[in-house]
Amino acid sequence: MSEPDLRKDPRYRPFRAAAYGLYIAVVSAFCLAIIISVTRSVTAMTPARKPPEEQALTYRECLDAADSLWSQLESEREKLVRISPAREVDREWLAFRTTWLQRMRDAEAKCALESRDRTHLKEVFRRLEEVQDLYSIHAVQYAGEVGGVVDALRGAFTTARKNPAAGRLP
């Protein structure tokens with residue numbers, strides 16, 4: 001006859017149940033804390049849409065505001081490759097993103113985009129936000145995947161330029 005398995009000793013059943021219960025409680029609390037933290041972070045980084053203002057801008061003023069937002073977005077995107085260290089690109093972008101989104105929400109509120117005659121304008125603002133989302137993904141990927149290699153390359157250039165054989169660069 002085989003010996004009983006000591007790991008399943010009935011005397012320890014209440015302790016096993018308590019250990020499993022404690023484990024589930026700790027893991028649940030940890031997961032809940034992570035979910036709350038991520039939710040707060042996303043909420044802080046994404047300003048809410050504002051209600052339309054009573055005095056709306058003209059169609060042309062709204063189009064100019066959208067064009068200005070687009071220019072700001074493009075200008076900041078072009079700066080991404082010049083930030084040093086390159087690993088910091090995502091932090092710089094996310095700081096810019098929050099203020100840019102706030103300006104966009106202000107412009108949306110001033111433009112009364114829910115009006116029937118402004119559907120094309122609403123599409124422009126929707127596309128602007130879509131491009132900004134894609135640029136955010138690009139910034140994070142650049143910082144994480146390419147940033148270290150770019151920083152190493154810059155370091156290699158700096159070291160190589162210190163060599164007397166490199167001569168004096170203009």
# chains A, B, ... in the order shown; residues from 1 in each chain; ligands from 1
call {"tool": "closest_atom_pairs", "arguments": {"of": "stretch 57-125 of chain A", "to": "stretch 152-160 of chain A", "cutoff": "10 Å", "atoms": "only C-alpha atoms", "output": "Markdown table"}}
result
| residue | atom | partner | partner_atom | distance |
| --- | --- | --- | --- | --- |
| A:Ser84 | CA | A:Arg154 | CA | 9.0 |
| A:Pro85 | CA | A:Arg154 | CA | 9.1 |
| A:Ala86 | CA | A:Ala152 | CA | 9.7 |
call {"tool": "residues_around", "arguments": {"residues": "A:Arg87", "least_positions_apart": "5", "cutoff": "12 Å", "atoms": "only C-alpha atoms", "output": "CSV table (one decimal) with all heavy atoms, in the first residue's frame"}}
result
chain,number,residue,atom,x,y,z
A,80,LEU,N,12.1,65.5,-33.0
A,80,LEU,CA,12.3,64.2,-32.3
A,80,LEU,C,13.7,63.6,-32.6
A,80,LEU,O,14.3,63.1,-31.7
A,80,LEU,CB,11.3,63.2,-32.7
A,80,LEU,CG,9.8,63.4,-32.2
A,80,LEU,CD1,8.9,62.3,-32.7
A,80,LEU,CD2,9.8,63.4,-30.7
A,81,VAL,N,14.2,63.7,-33.8
A,81,VAL,CA,15.4,63.1,-34.2
A,81,VAL,C,16.6,63.9,-33.7
A,81,VAL,O,17.8,63.4,-33.7
A,81,VAL,CB,15.5,62.8,-35.7
A,81,VAL,CG1,14.5,61.8,-36.1
A,81,VAL,CG2,15.4,64.1,-36.5
A,82,ARG,N,16.4,65.1,-33.2
A,82,ARG,CA,17.5,65.9,-32.8
A,82,ARG,C,17.7,65.9,-31.3
A,82,ARG,O,18.6,66.5,-30.7
A,82,ARG,CB,17.3,67.4,-33.3
A,82,ARG,CG,17.5,67.5,-34.8
A,82,ARG,CD,17.5,68.9,-35.3
A,82,ARG,NE,16.3,69.6,-35.2
A,82,ARG,CZ,15.3,69.5,-36.1
A,82,ARG,NH1,15.5,68.8,-37.2
A,82,ARG,NH2,14.2,70.2,-35.9
A,92,GLU,N,9.9,63.7,-23.8
A,92,GLU,CA,9.7,65.0,-24.4
A,92,GLU,C,8.4,65.1,-25.1
A,92,GLU,O,7.7,66.1,-25.1
A,92,GLU,CB,10.9,65.4,-25.3
A,92,GLU,CG,12.2,65.5,-24.6
A,92,GLU,CD,12.4,66.8,-23.8
A,92,GLU,OE1,11.8,67.8,-24.2
A,92,GLU,OE2,13.1,66.7,-22.8
A,93,TRP,N,8.1,64.1,-25.9
A,93,TRP,CA,6.9,64.1,-26.7
A,93,TRP,C,5.7,64.1,-25.9
A,93,TRP,O,4.7,64.8,-26.2
A,93,TRP,CB,6.9,62.9,-27.7
A,93,TRP,CG,5.7,62.9,-28.5
A,93,TRP,CD1,4.5,62.2,-28.3
A,93,TRP,CD2,5.4,63.7,-29.7
A,93,TRP,NE1,3.6,62.5,-29.2
A,93,TRP,CE2,4.1,63.4,-30.1
A,93,TRP,CE3,6.2,64.6,-30.4
A,93,TRP,CZ2,3.5,64.0,-31.2
A,93,TRP,CZ3,5.6,65.2,-31.5
A,93,TRP,CH2,4.3,64.9,-31.9
A,139,ALA,N,7.1,58.1,-31.4
A,139,ALA,CA,8.1,58.6,-30.4
A,139,ALA,C,8.4,57.6,-29.4
A,139,ALA,O,9.6,57.4,-29.0
A,139,ALA,CB,7.5,59.8,-29.7
A,140,VAL,N,7.5,56.8,-28.9
A,140,VAL,CA,7.8,55.8,-27.9
A,140,VAL,C,8.6,54.7,-28.5
A,140,VAL,O,9.6,54.2,-27.9
A,140,VAL,CB,6.4,55.2,-27.3
A,140,VAL,CG1,6.7,54.0,-26.5
A,140,VAL,CG2,5.7,56.3,-26.5
A,141,GLN,N,8.3,54.3,-29.8
A,141,GLN,CA,9.0,53.2,-30.4
A,141,GLN,C,10.5,53.7,-30.7
A,141,GLN,O,11.4,53.0,-30.6
A,141,GLN,CB,8.3,52.8,-31.7
A,141,GLN,CG,7.1,52.0,-31.5
A,141,GLN,CD,6.4,51.6,-32.8
A,141,GLN,OE1,6.6,52.2,-33.8
A,141,GLN,NE2,5.6,50.5,-32.7
A,142,TYR,N,10.6,54.9,-31.2
A,142,TYR,CA,11.9,55.5,-31.5
A,142,TYR,C,12.8,55.5,-30.2
A,142,TYR,O,13.9,55.1,-30.2
A,142,TYR,CB,11.8,56.9,-32.0
A,142,TYR,CG,13.1,57.6,-32.3
A,142,TYR,CD1,13.8,57.3,-33.5
A,142,TYR,CD2,13.7,58.5,-31.5
A,142,TYR,CE1,15.0,57.8,-33.8
A,142,TYR,CE2,14.9,59.1,-31.8
A,142,TYR,CZ,15.5,58.8,-32.9
A,142,TYR,OH,16.7,59.3,-33.2
A,143,ALA,N,12.2,56.0,-29.1
A,143,ALA,CA,13.0,56.0,-27.8
A,143,ALA,C,13.4,54.6,-27.4
A,143,ALA,O,14.5,54.4,-26.9
A,143,ALA,CB,12.2,56.7,-26.8
A,144,GLY,N,12.5,53.7,-27.5
A,144,GLY,CA,12.7,52.4,-27.0
A,144,GLY,C,13.6,51.5,-27.9
A,144,GLY,O,14.4,50.7,-27.4
A,145,GLU,N,13.4,51.5,-29.2
A,145,GLU,CA,14.0,50.6,-30.1
A,145,GLU,C,15.2,51.2,-30.7
A,145,GLU,O,16.2,50.6,-30.9
A,145,GLU,CB,13.0,50.2,-31.1
A,145,GLU,CG,11.9,49.4,-30.6
A,145,GLU,CD,10.8,49.1,-31.6
A,145,GLU,OE1,11.0,49.4,-32.8
A,145,GLU,OE2,9.7,48.7,-31.2
A,146,VAL,N,15.2,52.5,-31.1
A,146,VAL,CA,16.2,53.1,-31.9
A,146,VAL,C,17.1,54.0,-31.0
A,146,VAL,O,18.3,54.2,-31.3
A,146,VAL,CB,15.6,53.9,-33.1
A,146,VAL,CG1,16.7,54.6,-33.9
A,146,VAL,CG2,14.8,53.0,-33.9
A,147,GLY,N,16.5,54.6,-30.0
A,147,GLY,CA,17.2,55.6,-29.1
A,147,GLY,C,18.5,55.1,-28.6
A,147,GLY,O,19.5,55.9,-28.7
A,148,GLY,N,18.6,53.9,-28.1
A,148,GLY,CA,19.9,53.5,-27.6
A,148,GLY,C,21.0,53.4,-28.6
A,148,GLY,O,22.2,53.7,-28.4
A,149,VAL,N,20.6,52.9,-29.8
A,149,VAL,CA,21.6,52.8,-30.9
A,149,VAL,C,22.0,54.1,-31.4
A,149,VAL,O,23.2,54.4,-31.7
A,149,VAL,CB,20.9,51.9,-32.1
A,149,VAL,CG1,21.9,51.9,-33.2
A,149,VAL,CG2,20.5,50.6,-31.6
A,150,VAL,N,21.1,55.1,-31.5
A,150,VAL,CA,21.4,56.4,-31.9
A,150,VAL,C,22.4,57.1,-30.9
A,150,VAL,O,23.4,57.7,-31.2
A,150,VAL,CB,20.2,57.3,-32.1
A,150,VAL,CG1,20.5,58.8,-32.3
A,150,VAL,CG2,19.4,56.8,-33.3
A,151,ASP,N,22.1,56.9,-29.6
A,151,ASP,CA,23.0,57.5,-28.6
A,151,ASP,C,24.3,56.9,-28.6
A,151,ASP,O,25.4,57.6,-28.5
A,151,ASP,CB,22.4,57.2,-27.2
A,151,ASP,CG,21.1,58.1,-26.9
A,151,ASP,OD1,21.0,59.1,-27.6
A,151,ASP,OD2,20.3,57.7,-26.0
A,152,ALA,N,24.4,55.5,-28.9
A,152,ALA,CA,25.7,54.9,-29.0
A,152,ALA,C,26.5,55.4,-30.2
A,152,ALA,O,27.7,55.6,-30.2
A,152,ALA,CB,25.5,53.4,-29.1
call {"tool": "select_by_dssp", "arguments": {"residues": "chain A", "states": "helix (DSSP H, G or I)", "output": "MDAnalysis selection string"}}
result
chainID A and resid 6:8 10:45 59:82 86:111 116:161 164:166
call {"tool": "closest_residue", "arguments": {"among": "A:Ala165, A:Ala33, A:Ala18, A:Val124", "to": "A:Leu63", "atoms": "only C-alpha atoms"}}
result
A:Val124
call {"tool": "residues_around", "arguments": {"residues": "stretch 66-78 of chain A", "least_positions_apart": "5", "cutoff": "9 Å", "atoms": "only C-alpha atoms", "output": "list in words"}}
result
Glu61, Trp93, Phe96, Arg97, Trp100, Arg103, Met104, Ala107, Glu108, Leu121, Val124, Phe125, Leu128, Val131, Gln132, Tyr135 and Ala139 of chain A
call {"tool": "write_last_selection", "arguments": {"atoms": "C-alpha atoms", "output": "tab-separated table (two decimals), in the first residue's frame"}}
result
chain	number	residue	atom	x	y	z
A	61	GLU	CA	-10.67	81.01	-38.04
A	93	TRP	CA	6.94	64.08	-26.74
A	96	PHE	CA	4.41	68.29	-25.58
A	97	ARG	CA	1.44	66.04	-26.35
A	100	TRP	CA	-0.89	70.32	-27.52
A	103	ARG	CA	-4.80	73.61	-27.14
A	104	MET	CA	-6.67	71.33	-29.53
A	107	ALA	CA	-9.91	75.11	-30.40
A	108	GLU	CA	-12.57	72.39	-30.74
A	121	LEU	CA	-13.99	70.87	-40.06
A	124	VAL	CA	-9.98	67.84	-39.93
A	125	PHE	CA	-9.83	67.86	-36.12
A	128	LEU	CA	-5.34	65.80	-36.44
A	131	VAL	CA	-2.01	61.77	-36.59
A	132	GLN	CA	-1.01	62.89	-33.10
A	135	TYR	CA	3.22	60.29	-33.75
A	139	ALA	CA	8.05	58.62	-30.40
call {"tool": "closest_atom_pairs", "arguments": {"of": "stretch 75-129 of chain A", "to": "stretch 36-45 of chain A", "cutoff": "9 Å", "atoms": "only C-alpha atoms", "output": "Markdown table"}}
result
| residue | atom | partner | partner_atom | distance |
| --- | --- | --- | --- | --- |
| A:Leu94 | CA | A:Met45 | CA | 7.9 |
| A:Ala95 | CA | A:Met45 | CA | 8.6 |
| A:Arg97 | CA | A:Met45 | CA | 8.0 |
| A:Thr98 | CA | A:Met45 | CA | 5.5 |
| A:Thr99 | CA | A:Met45 | CA | 9.0 |
| A:Leu101 | CA | A:Met45 | CA | 8.8 |
call {"tool": "write_last_selection", "arguments": {"atoms": "N, CA and C atoms", "output": "JSON list (two decimals), in the first residue's frame"}}
result
[["chain", "number", "residue", "atom", "x", "y", "z"],
["A", 94, "LEU", "N", 5.67, 63.24, -24.84],
["A", 94, "LEU", "CA", 4.47, 63.16, -24.01],
["A", 94, "LEU", "C", 4.21, 64.46, -23.27],
["A", 95, "ALA", "N", 5.25, 65.18, -22.90],
["A", 95, "ALA", "CA", 5.06, 66.50, -22.28],
["A", 95, "ALA", "C", 4.45, 67.47, -23.30],
["A", 97, "ARG", "N", 2.75, 66.58, -25.97],
["A", 97, "ARG", "CA", 1.44, 66.04, -26.35],
["A", 97, "ARG", "C", 0.33, 66.55, -25.45],
["A", 98, "THR", "N", 0.58, 66.57, -24.15],
["A", 98, "THR", "CA", -0.46, 66.99, -23.22],
["A", 98, "THR", "C", -0.85, 68.45, -23.44],
["A", 99, "THR", "N", 0.14, 69.33, -23.58],
["A", 99, "THR", "CA", -0.18, 70.74, -23.80],
["A", 99, "THR", "C", -0.81, 70.95, -25.18],
["A", 101, "LEU", "N", -2.64, 68.75, -26.87],
["A", 101, "LEU", "CA", -4.03, 68.28, -26.80],
["A", 101, "LEU", "C", -4.93, 69.29, -26.09]]
call {"tool": "atom_distance", "arguments": {"atom1": "atom CA of A:Thr58", "atom2": "atom CA of A:Arg127"}}
result
19.9 Å
call {"tool": "closest_residue", "arguments": {"among": "A:Val27, A:Cys111, A:Gln55, A:Val89", "to": "A:Ile137", "atoms": "only C-alpha atoms"}}
result
A:Val89
call {"tool": "atom_distance", "arguments": {"atom1": "atom CA of A:Lys8", "atom2": "atom CA of A:Ile24"}}
result
20.0 Å
